[in-house]
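With mmCIF, C-alpha atoms and all ligand atoms inside, this is protein_5.cif:
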```cif
data_structure
loop_
_atom_site.label_atom_id
_atom_site.label_comp_id
_atom_site.auth_asym_id
_atom_site.auth_seq_id
_atom_site.Cartn_x
_atom_site.Cartn_y
_atom_site.Cartn_z
CA MET A 8 11.94 2.88 25.39
CA VAL A 9 13.55 2.39 22.02
CA THR A 10 17.30 2.96 21.80
CA ASN A 11 19.64 3.15 18.84
CA THR A 12 20.81 -0.44 19.29
CA ASP A 13 17.24 -1.41 18.46
CA VAL A 14 17.56 -0.11 14.91
CA LEU A 15 16.94 -2.76 12.25
CA ILE A 16 17.21 -0.66 9.13
CA GLU A 17 18.27 2.91 8.62
CA ILE A 18 17.60 4.92 5.46
CA LYS A 19 19.81 7.97 4.93
CA GLY A 20 19.58 10.58 2.19
CA LEU A 21 17.89 8.15 -0.20
CA ARG A 22 17.34 9.42 -3.72
CA THR A 23 15.75 7.27 -6.42
CA HIS A 24 15.13 8.70 -9.88
CA PHE A 25 13.43 7.46 -13.04
CA PHE A 26 14.81 8.32 -16.44
CA SER A 27 12.80 8.80 -19.62
CA ARG A 28 12.74 10.93 -22.75
CA GLU A 29 10.54 13.45 -20.92
CA GLY A 30 13.32 13.97 -18.41
CA THR A 31 14.31 12.84 -14.93
CA LEU A 32 11.54 12.07 -12.50
CA LYS A 33 12.83 12.53 -8.96
CA ALA A 34 10.58 10.06 -7.13
CA LEU A 35 12.74 10.18 -4.00
CA GLU A 36 14.80 13.27 -3.30
CA ASP A 37 15.91 12.92 0.33
CA VAL A 38 14.34 10.20 2.41
CA ASN A 39 15.57 9.54 5.95
CA PHE A 40 14.11 7.25 8.60
CA ARG A 41 14.74 4.23 10.78
CA VAL A 42 12.79 1.07 11.43
CA HIS A 43 13.39 -0.31 14.91
CA ARG A 44 13.30 -3.96 15.82
CA ARG A 45 9.81 -5.23 16.64
CA GLU A 46 8.06 -2.00 15.73
CA ILE A 47 5.27 -1.14 13.35
CA LEU A 48 6.17 1.94 11.35
CA GLY A 49 3.33 3.57 9.45
CA VAL A 50 4.42 5.27 6.21
CA ILE A 51 1.89 7.85 5.11
CA GLY A 52 1.50 10.23 2.20
CA GLU A 53 -0.82 11.01 -0.65
CA SER A 54 -0.65 9.11 -3.92
CA GLY A 55 2.62 9.65 -5.79
CA CYS A 56 4.64 10.77 -2.74
CA GLY A 57 7.11 7.91 -3.14
CA LYS A 58 5.93 5.32 -0.62
CA SER A 59 6.10 2.37 -3.00
CA VAL A 60 9.36 3.55 -4.55
CA THR A 61 10.83 3.67 -1.02
CA ALA A 62 9.79 0.04 -0.53
CA GLN A 63 11.12 -0.94 -3.95
CA SER A 64 14.42 0.78 -3.15
CA ILE A 65 14.84 -1.15 0.10
CA MET A 66 14.03 -4.44 -1.64
CA ARG A 67 16.20 -3.37 -4.60
CA ILE A 68 13.35 -4.04 -7.03
CA VAL A 69 13.13 -0.55 -8.54
CA PRO A 70 11.87 -0.93 -12.14
CA ALA A 71 14.57 -0.95 -14.83
CA ASN A 72 14.02 2.69 -15.85
CA GLY A 73 14.86 3.83 -12.33
CA ARG A 74 17.93 3.84 -10.13
CA ILE A 75 19.06 4.70 -6.61
CA VAL A 76 21.28 7.70 -7.31
CA ALA A 77 22.36 8.48 -3.74
CA GLY A 78 21.91 7.44 -0.14
CA GLU A 79 22.31 4.51 2.17
CA ILE A 80 20.02 1.66 3.21
CA LEU A 81 21.77 0.27 6.26
CA LEU A 82 20.65 -3.15 7.41
CA HIS A 83 21.82 -3.76 10.97
CA ARG A 84 22.71 -7.39 11.62
CA ASP A 85 24.38 -9.19 14.51
CA ASP A 86 27.64 -9.30 12.56
CA GLY A 87 27.64 -5.70 11.38
CA VAL A 88 25.94 -3.27 9.06
CA LEU A 89 25.28 -3.90 5.36
CA ASP A 90 24.41 -1.10 2.92
CA LEU A 91 21.73 -2.57 0.65
CA ALA A 92 22.00 0.45 -1.67
CA LYS A 93 25.46 -0.73 -2.67
CA LEU A 94 24.45 -4.27 -3.62
CA ASP A 95 23.94 -5.49 -7.18
CA PRO A 96 20.12 -5.64 -7.49
CA ARG A 97 20.44 -8.96 -9.32
CA GLY A 98 23.23 -10.35 -7.17
CA ARG A 99 23.25 -13.29 -4.78
CA GLU A 100 23.43 -11.18 -1.63
CA ILE A 101 20.21 -9.24 -2.12
CA ARG A 102 18.40 -12.32 -3.41
CA ALA A 103 19.29 -14.14 -0.20
CA ILE A 104 17.95 -11.21 1.83
CA ARG A 105 14.72 -10.78 -0.15
CA GLY A 106 12.02 -13.07 1.12
CA ALA A 107 14.20 -14.22 3.99
CA GLU A 108 15.31 -11.20 6.03
CA ILE A 109 13.03 -8.67 4.34
CA SER A 110 9.85 -9.54 2.56
CA MET A 111 7.03 -7.62 1.04
CA VAL A 112 3.29 -7.80 0.65
CA PHE A 113 2.15 -5.96 -2.45
CA GLN A 114 -0.71 -3.59 -3.10
CA GLU A 115 -2.40 -6.07 -5.46
CA PRO A 116 -2.22 -9.70 -4.32
CA MET A 117 -2.64 -11.14 -7.82
CA THR A 118 0.76 -9.73 -8.80
CA SER A 119 2.45 -11.86 -6.14
CA PHE A 120 1.03 -15.16 -7.30
CA SER A 121 1.33 -16.91 -10.61
CA PRO A 122 -2.11 -18.09 -11.77
CA VAL A 123 -0.80 -21.44 -13.02
CA TYR A 124 0.41 -22.92 -9.73
CA SER A 125 -1.48 -23.58 -6.54
CA VAL A 126 -1.02 -21.11 -3.68
CA GLY A 127 0.58 -23.85 -1.58
CA ASN A 128 3.13 -24.76 -4.24
CA GLN A 129 4.23 -21.15 -4.50
CA ILE A 130 4.63 -20.75 -0.75
CA MET A 131 6.46 -24.09 -0.54
CA GLU A 132 8.86 -22.92 -3.19
CA VAL A 133 9.78 -19.89 -1.07
CA VAL A 134 10.16 -22.05 2.03
CA GLN A 135 12.41 -24.52 0.22
CA LEU A 136 14.46 -21.76 -1.36
CA HIS A 137 15.39 -20.16 1.94
CA GLN A 138 15.22 -22.95 4.46
CA GLU A 139 16.89 -26.27 4.06
CA CYS A 140 13.99 -28.65 4.24
CA GLY A 141 12.39 -31.35 2.13
CA LYS A 142 9.12 -31.17 0.26
CA GLU A 143 7.01 -32.76 2.96
CA GLU A 144 8.37 -30.50 5.67
CA ALA A 145 7.85 -27.45 3.42
CA ARG A 146 4.24 -28.49 2.82
CA ALA A 147 3.61 -28.94 6.54
CA ARG A 148 5.11 -25.48 7.23
CA THR A 149 2.99 -23.96 4.47
CA ILE A 150 -0.21 -25.41 5.90
CA GLU A 151 0.78 -24.22 9.37
CA MET A 152 1.44 -20.73 8.02
CA LEU A 153 -1.90 -20.65 6.17
CA ARG A 154 -3.57 -21.66 9.40
CA ARG A 155 -1.81 -18.88 11.28
CA VAL A 156 -3.06 -16.25 8.88
CA GLY A 157 -6.60 -17.47 9.43
CA MET A 158 -7.19 -19.45 6.25
CA PRO A 159 -10.08 -21.83 6.93
CA LYS A 160 -9.48 -25.50 5.93
CA ALA A 161 -5.79 -24.81 5.34
CA GLU A 162 -5.06 -28.50 4.53
CA GLN A 163 -7.38 -28.23 1.53
CA GLN A 164 -6.82 -24.62 0.54
CA VAL A 165 -3.10 -25.27 0.20
CA ASP A 166 -3.92 -26.86 -3.16
CA ALA A 167 -6.21 -24.04 -4.33
CA TYR A 168 -5.30 -21.84 -7.27
CA PRO A 169 -5.04 -18.11 -6.52
CA PHE A 170 -8.00 -17.11 -8.71
CA THR A 171 -10.35 -19.46 -6.85
CA LEU A 172 -9.79 -17.59 -3.57
CA SER A 173 -11.73 -14.52 -2.47
CA GLY A 174 -9.86 -11.20 -2.29
CA GLY A 175 -9.50 -11.42 1.49
CA MET A 176 -8.27 -15.02 1.40
CA ARG A 177 -5.83 -14.22 -1.37
CA GLN A 178 -4.45 -11.46 0.77
CA ARG A 179 -4.07 -13.86 3.68
CA ALA A 180 -2.28 -16.33 1.41
CA MET A 181 0.04 -13.57 0.27
CA ILE A 182 0.83 -12.65 3.87
CA ALA A 183 1.51 -16.33 4.58
CA MET A 184 3.94 -16.38 1.68
CA ALA A 185 5.69 -13.22 2.86
CA LEU A 186 5.97 -14.54 6.40
CA SER A 187 6.88 -18.12 5.58
CA CYS A 188 10.58 -17.43 6.11
CA GLN A 189 10.10 -15.41 9.25
CA PRO A 190 11.54 -12.14 7.94
CA ASN A 191 12.94 -9.52 10.30
CA LEU A 192 11.18 -6.85 8.30
CA LEU A 193 7.87 -7.12 6.49
CA ILE A 194 7.01 -4.28 4.14
CA ALA A 195 3.26 -4.16 3.64
CA ASP A 196 2.42 -1.83 0.78
CA GLU A 197 -1.26 -0.92 1.18
CA PRO A 198 -2.15 -4.48 2.10
CA THR A 199 -5.73 -3.44 2.44
CA SER A 200 -6.53 -1.57 -0.73
CA ALA A 201 -7.97 -4.45 -2.74
CA VAL A 202 -10.51 -5.60 -0.18
CA ASP A 203 -13.47 -4.13 1.66
CA VAL A 204 -13.30 -2.25 4.96
CA THR A 205 -14.25 -5.12 7.29
CA ILE A 206 -11.61 -7.36 5.77
CA GLN A 207 -9.12 -4.47 5.91
CA ALA A 208 -9.61 -4.26 9.65
CA GLN A 209 -9.18 -8.03 10.05
CA ILE A 210 -6.00 -8.10 7.97
CA LEU A 211 -4.47 -5.25 9.95
CA GLU A 212 -5.34 -6.93 13.21
CA LEU A 213 -3.83 -10.12 11.88
CA LEU A 214 -0.61 -8.35 10.90
CA ALA A 215 -0.37 -6.75 14.34
CA ASP A 216 -0.89 -10.16 16.02
CA LEU A 217 1.69 -11.83 13.80
CA GLN A 218 4.11 -8.99 14.47
CA ARG A 219 3.90 -9.62 18.21
CA GLU A 220 4.12 -13.39 17.80
CA MET A 221 7.01 -13.40 15.37
CA HIS A 222 8.92 -10.42 16.82
CA MET A 223 9.37 -8.85 13.42
CA SER A 224 9.20 -5.23 12.29
CA ILE A 225 6.54 -4.04 9.90
CA MET A 226 6.63 -1.06 7.58
CA MET A 227 2.97 -0.42 6.89
CA ILE A 228 2.49 1.79 3.85
CA THR A 229 -0.86 3.48 3.42
CA HIS A 230 -2.37 6.78 2.37
CA ASP A 231 -4.87 6.53 5.19
CA LEU A 232 -3.64 7.79 8.55
CA GLY A 233 -6.68 6.31 10.24
CA VAL A 234 -5.62 2.82 9.21
CA VAL A 235 -2.38 2.89 11.20
CA ALA A 236 -3.50 5.02 14.13
CA GLU A 237 -4.19 2.01 16.33
CA SER A 238 -1.42 -0.32 15.35
CA SER A 239 1.72 1.66 14.58
CA ASP A 240 4.45 2.70 17.03
CA ASN A 241 5.97 5.42 14.87
CA LEU A 242 4.83 7.33 11.82
CA LEU A 243 6.75 8.58 8.81
CA ILE A 244 4.98 11.25 6.78
CA MET A 245 6.20 11.67 3.21
CA TYR A 246 5.56 14.43 0.72
CA LEU A 247 6.90 14.46 -2.85
CA GLY A 248 9.93 12.27 -2.29
CA ARG A 249 10.96 13.63 1.11
CA ASN A 250 10.26 12.69 4.71
CA VAL A 251 8.49 15.70 6.22
CA GLU A 252 7.70 14.44 9.73
CA TYR A 253 8.69 11.43 11.77
CA GLY A 254 7.91 10.49 15.35
CA PRO A 255 5.87 8.37 17.77
CA THR A 256 2.30 7.83 16.55
CA GLU A 257 0.83 9.40 19.67
CA THR A 258 2.97 12.53 19.35
CA LEU A 259 2.06 12.97 15.71
CA PHE A 260 -1.62 12.53 16.49
CA TYR A 261 -1.73 14.94 19.40
CA GLU A 262 1.01 17.37 18.42
CA PRO A 263 1.46 17.23 14.67
CA LYS A 264 3.97 19.90 13.69
CA HIS A 265 4.19 19.86 9.90
CA PRO A 266 1.26 21.64 8.25
CA TYR A 267 0.97 18.64 5.89
CA THR A 268 0.60 16.22 8.82
CA GLN A 269 -1.91 18.61 10.39
CA GLY A 270 -3.83 18.61 7.11
CA LEU A 271 -3.81 14.82 6.84
CA LEU A 272 -5.06 14.53 10.41
CA SER A 273 -7.85 17.02 10.04
CA SER A 274 -9.18 15.11 7.06
CA ILE A 275 -9.75 11.94 9.13
CA PRO A 276 -13.30 11.61 10.41
CA LYS A 277 -13.11 11.30 14.20
CA LEU A 278 -15.38 9.00 16.13
CA GLY A 279 -18.24 10.90 17.69
CA MET A 280 -17.42 14.05 15.76
CA LEU A 281 -19.15 13.09 12.55
CA GLY A 282 -21.76 15.62 11.63
CA ASN A 283 -20.47 18.15 14.15
CA ARG A 284 -17.41 19.16 12.31
CA ASP A 285 -16.57 19.63 8.68
CA LEU A 286 -13.65 17.66 7.41
CA GLU A 287 -10.91 19.94 6.21
CA PRO A 288 -9.12 18.30 3.34
CA ILE A 289 -5.78 19.79 2.30
CA THR A 290 -6.41 22.28 -0.47
CA GLY A 291 -4.92 21.76 -3.91
CA ALA A 292 -3.48 18.64 -5.44
CA VAL A 293 -0.06 16.99 -5.28
CA PRO A 294 1.96 18.64 -8.08
CA SER A 295 3.65 16.61 -10.80
CA LEU A 296 7.14 15.40 -9.99
CA TYR A 297 8.29 17.03 -13.22
CA GLU A 298 7.30 20.39 -11.72
CA ILE A 299 8.29 20.15 -8.08
CA PRO A 300 7.80 23.60 -6.51
CA ASP A 301 10.98 25.38 -5.35
CA GLY A 302 11.83 25.40 -1.68
CA CYS A 303 9.46 23.35 0.44
CA ALA A 304 7.43 21.36 -2.10
CA PHE A 305 4.34 21.74 0.09
CA HIS A 306 4.41 25.56 0.08
CA PRO A 307 1.72 26.14 -2.61
CA ARG A 308 -0.77 24.22 -0.44
CA CYS A 309 0.43 25.38 2.97
CA PRO A 310 -1.69 27.65 5.18
CA HIS A 311 1.50 28.92 6.92
CA PHE A 312 3.38 29.82 3.73
CA MET A 313 6.08 32.45 4.32
CA LYS A 314 7.06 34.23 1.12
CA GLY A 315 10.79 34.39 0.46
CA VAL A 316 11.43 31.60 2.96
CA CYS A 317 9.32 28.57 2.09
CA ASP A 318 9.64 29.08 -1.67
CA ALA A 319 13.38 29.75 -1.54
CA LYS A 320 15.14 26.76 -0.01
CA VAL A 321 14.25 23.19 0.93
CA PRO A 322 13.86 23.17 4.71
CA PRO A 323 16.38 21.11 6.68
CA LEU A 324 15.34 18.37 9.09
CA THR A 325 14.86 19.74 12.61
CA ASP A 326 15.02 17.42 15.63
CA LEU A 327 12.28 18.64 17.96
CA ASP A 328 13.38 16.04 20.51
CA ALA A 329 15.17 12.68 20.40
CA THR A 330 12.25 10.95 18.69
CA HIS A 331 10.47 13.66 16.71
CA THR A 332 11.78 15.20 13.49
CA VAL A 333 10.17 17.72 11.16
CA ARG A 334 11.16 19.34 7.87
CA CYS A 335 9.55 22.78 7.95
CA TRP A 336 10.78 26.37 8.12
CA LEU A 337 8.38 27.10 11.01
CA TYR A 338 10.66 25.12 13.33
CA THR A 339 14.11 26.26 12.27
CA ASP A 340 16.36 29.01 13.61
CA GLU A 341 15.85 32.35 11.89
CA SER A 342 19.55 32.23 10.96
CA THR A 343 19.20 29.12 8.79
CA ARG A 344 16.53 30.75 6.60
CA GLY A 345 17.73 33.28 4.07
CA GLY A 346 17.99 33.39 0.29
CA ALA A 347 17.82 30.81 -2.43
CA GLU A 348 20.44 28.05 -2.74
N1 LIG B 401 8.60 2.71 -13.16
C1 LIG B 401 8.37 4.01 -13.05
N2 LIG B 401 8.70 4.87 -14.04
C2 LIG B 401 8.51 6.18 -13.91
N3 LIG B 401 7.97 6.77 -12.84
C3 LIG B 401 7.61 5.97 -11.82
C4 LIG B 401 7.78 4.56 -11.85
N4 LIG B 401 7.32 4.03 -10.70
C5 LIG B 401 6.88 5.07 -9.97
N5 LIG B 401 7.06 6.23 -10.62
C6 LIG B 401 6.71 7.58 -10.16
O1 LIG B 401 7.31 7.81 -8.92
C7 LIG B 401 6.46 8.61 -8.10
C8 LIG B 401 6.26 7.93 -6.77
O2 LIG B 401 5.48 6.77 -6.98
P1 LIG B 401 5.05 5.76 -5.85
O3 LIG B 401 4.48 4.59 -6.55
O4 LIG B 401 6.19 5.51 -4.92
O5 LIG B 401 3.91 6.56 -5.10
P2 LIG B 401 3.08 6.10 -3.82
O6 LIG B 401 3.38 7.06 -2.73
O7 LIG B 401 3.32 4.67 -3.56
O8 LIG B 401 1.57 6.36 -4.33
P3 LIG B 401 0.24 5.44 -4.14
O9 LIG B 401 -0.35 5.86 -2.84
O10 LIG B 401 -0.60 5.86 -5.29
O11 LIG B 401 0.63 4.01 -4.18
C9 LIG B 401 5.17 8.80 -8.89
O12 LIG B 401 5.20 10.06 -9.50
C10 LIG B 401 5.22 7.70 -9.93
O13 LIG B 401 4.55 8.09 -11.09
MG MG B 402 2.16 2.94 -3.77
#
```

Show the structure stored in the file as structure tokens.
Amino acid sequence: MVTNTDVLIEIKGLRTHFFSREGTLKALEDVNFRVHRREILGVIGESGCGKSVTAQSIMRIVPANGRIVAGEILLHRDDGVLDLAKLDPRGREIRAIRGAEISMVFQEPMTSFSPVYSVGNQIMEVVQLHQECGKEEARARTIEMLRRVGMPKAEQQVDAYPFTLSGGMRQRAMIAMALSCQPNLLIADEPTSAVDVTIQAQILELLADLQREMHMSIMMITHDLGVVAESSDNLLIMYLGRNVEYGPTETLFYEPKHPYTQGLLSSIPKLGMLGNRDLEPITGAVPSLYEIPDGCAFHPRCPHFMKGVCDAKVPPLTDLDATHTVRCWLYTDESTRGGAE
């Protein structure tokens, strides 16, 4: 049973916008969730819903044309709570946290490695930066880490250049780099997208094993619900910059409440049901963030659309029980509905 003291990081009312001549792009409008200690949280949503921007906001690596405009990112530590949203993104404090307390595995492994240094040198650099140890010790730790992520002949591969490794091995090397400082939180942004399905499964299994071994928390970002069904404890469903449903994986699988979650679930092929049942993809496409629909942003695609309610006001978050939250007018009191804001 997870209690509040088990919270590692808490995101409240997070809003991150990008600014350009075309206008303001509201990538995150109101994101709220928690990551508990030693849990795997799956973060799900279609392309463009703000999953990567959420990760970038936590790491404080939002590209220069964007900014956190509101909200809190509360990192719970033994000696208190630190709001990462308030830190200078180039300051010492966040740099000490990045790669040490929180680290990230990116969608495309080649962006994490420089092509001109060996994989081992780059991991050693991270180890030396955050842990006080000499070169030899750092090299030994790097080899050990490469071994733990299943890199064959780690003593030799430590000197390999990134482009000489296969996609799957590069991904393993990247995970080794992200884990080399034993972070409390690993953010894995679609760690599986660049490799084939068999390797995807192996990498996910590896991450789940490492999570148990190293007692860390993982935020696993993916647009594929099926990918995290087995491994995640809780799920966060995002739609157009807002969290729309959050709760234990099992609850969301068996009792999904938000019509968007229901739609995502019904588009997963189920074992043994192939051929018997048509997949029901969600109709319509994700609208542009420059033209976010009024009210609940999902209403133009929603089979339960209620005119004058869903297109009038953004639904509030409703706690269905202590662990399950949904943002949908179907689950609110009649009294909270009513006219436009
Ligand atoms: N640097 C940027 N400048 C302007 N807009 C950006 C920038 N980075 C992201 N965005 C926009 O923010 C929105 C959210 O993007 P994000 O990358 O978080 O989506 P995502 O959920 O990770 O999607 P995917 O599944 O495709 O990775 C998108 O509309 C995207 O175009
Ligand atoms: Mg992304």

Discussion item. Show me which residues are within 10 Å of ligand MG 402 (chain B) counting all atoms listed in the file, and format the list as a list in words.
Written reply: Gly52, Glu53, Ser54, Gly55, Cys56, Gly57, Lys58, Ser59, Val60, Thr61, Ala62, Gln63, Phe113, Gln114, Asp196, Glu197, Ile228, Thr229 and His230 of chain A

Discussion item. Using all atoms listed in the file - which residues lie no farther than 10 Å from the point (7.1, 29.1, 5.2) in the file's frame? Write them as number ranges by chain.
Written reply: A: 266, 302-303, 305-307, 309-320, 322, 335-338, 344

Worksheet item: Between A:Gly30, A:Gly20, A:Gly98, A:Pro263, which one has atoms that come closest to ligand LIG 401 (chain B), using only C-alpha atoms and all ligand atoms?
Response: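 Distance minimum relative to ligand LIG 401 (chain B) lands on A:Gly30.
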
Discussion item. Let me make sure I understand: among A:Thr171, A:Gly73, A:Gly233, A:Arg44, which one has the smallest atom-to-atom distance to Leu32 (chain A) if we use all atoms listed in the file?
Written reply: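 Looking only at the distances to Leu32 (chain A), the closest residue turns out to be A:Gly73.
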
Item to complete: Go through A:Leu247, A:Ala167, A:Ile109, A:Met176 and flag the residue nearest Glu298 (chain A), using all atoms listed in the file for the distances.
Response: A:Leu247

Worksheet, complete the sentence: Of A:Ile51, A:Ala103, A:Cys188, A:Val38, the one nearest to ligand LIG 401 (chain B) when counting only C-alpha atoms and all ligand atoms is A:Ile51

Discussion item. Need the shell around Met221 (chain A): protein/DNA/RNA residues with any atom at most 12 Å away, counting all atoms listed in the file. Skip same-chain ones fewer than 2 positions apart. Format as a ChimeraX atom specification?
Written reply: /A:44-46,152,155,186-193,213-219,223-225

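Relative to CA of Glu132 (chain A), CA of Ile47 (chain A) is found at 27.6 Å.
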
Item to complete: Go ahead and compute the interatomic distance for CA of Ile80 (chain A) and CA of Val112 (chain A), in Å to one decimal.
Response: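 Distance reported for this atom pair: 19.4 Å.
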
Practice prompt. Around the point (-3.2, 8.2, 13.3) in the file's coordinates, collect all residues with an atom within 8 Å, using all atoms listed in the file, and return them as a ChimeraX atom specification.
Written response: /A:232-237,256-257,259-260,272

Those residues you just picked out, can you put them in a file as a PDB file, in the frame of the given file with C-alpha atoms?
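Result written to part23.pdb:
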```pdb
ATOM      1  CA  LEU A 232      -3.640   7.790   8.550  1.00  0.00           C
ATOM      2  CA  GLY A 233      -6.680   6.310  10.240  1.00  0.00           C
ATOM      3  CA  VAL A 234      -5.620   2.820   9.210  1.00  0.00           C
ATOM      4  CA  VAL A 235      -2.380   2.890  11.200  1.00  0.00           C
ATOM      5  CA  ALA A 236      -3.500   5.020  14.130  1.00  0.00           C
ATOM      6  CA  GLU A 237      -4.190   2.010  16.330  1.00  0.00           C
ATOM      7  CA  THR A 256       2.300   7.830  16.550  1.00  0.00           C
ATOM      8  CA  GLU A 257       0.830   9.400  19.670  1.00  0.00           C
ATOM      9  CA  LEU A 259       2.060  12.970  15.710  1.00  0.00           C
ATOM     10  CA  PHE A 260      -1.620  12.530  16.490  1.00  0.00           C
ATOM     11  CA  LEU A 272      -5.060  14.530  10.410  1.00  0.00           C
TER      12      LEU A 272
END
```

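Interatomic distance, CA of Val88 (chain A) to CA of Ile75 (chain A): 18.9 Å.
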
Worksheet item: For Ser119 (chain A), which of A:Met66, A:Ala145, A:Met181, A:Ala107 is the closest residue, counting only C-alpha atoms?
Response: A:Met181

Item to complete: Fewer than 6 positions away in the same chain doesn't count, so skip those; otherwise give me all residues within 8 Å of Pro122 (chain A), counting all atoms listed in the file, as an MDAnalysis selection string.
Response: chainID A and resid 168:170

Worksheet item: Leaving out region 124-128 of chain A and any residue of its chain fewer than 4 positions from it, which residues lie within 12 Å of it when counting only C-alpha atoms, given as a ChimeraX atom specification?
Response: /A:116-117,119-120,132-135,142-143,145-154,158,161-172,176-184,187

Worksheet item: A:Lys33, A:His43, A:His24, A:Lys19: which is nearest Leu81 (chain A), counting only C-alpha atoms?
Response: A:Lys19

Discussion item. Could you list, as a ChimeraX atom specification, every residue within 8 Å of Leu243 (chain A), counting all atoms listed in the file and ignoring same-chain residues fewer than 4 positions away?
Written reply: /A:40,48-51,250-254
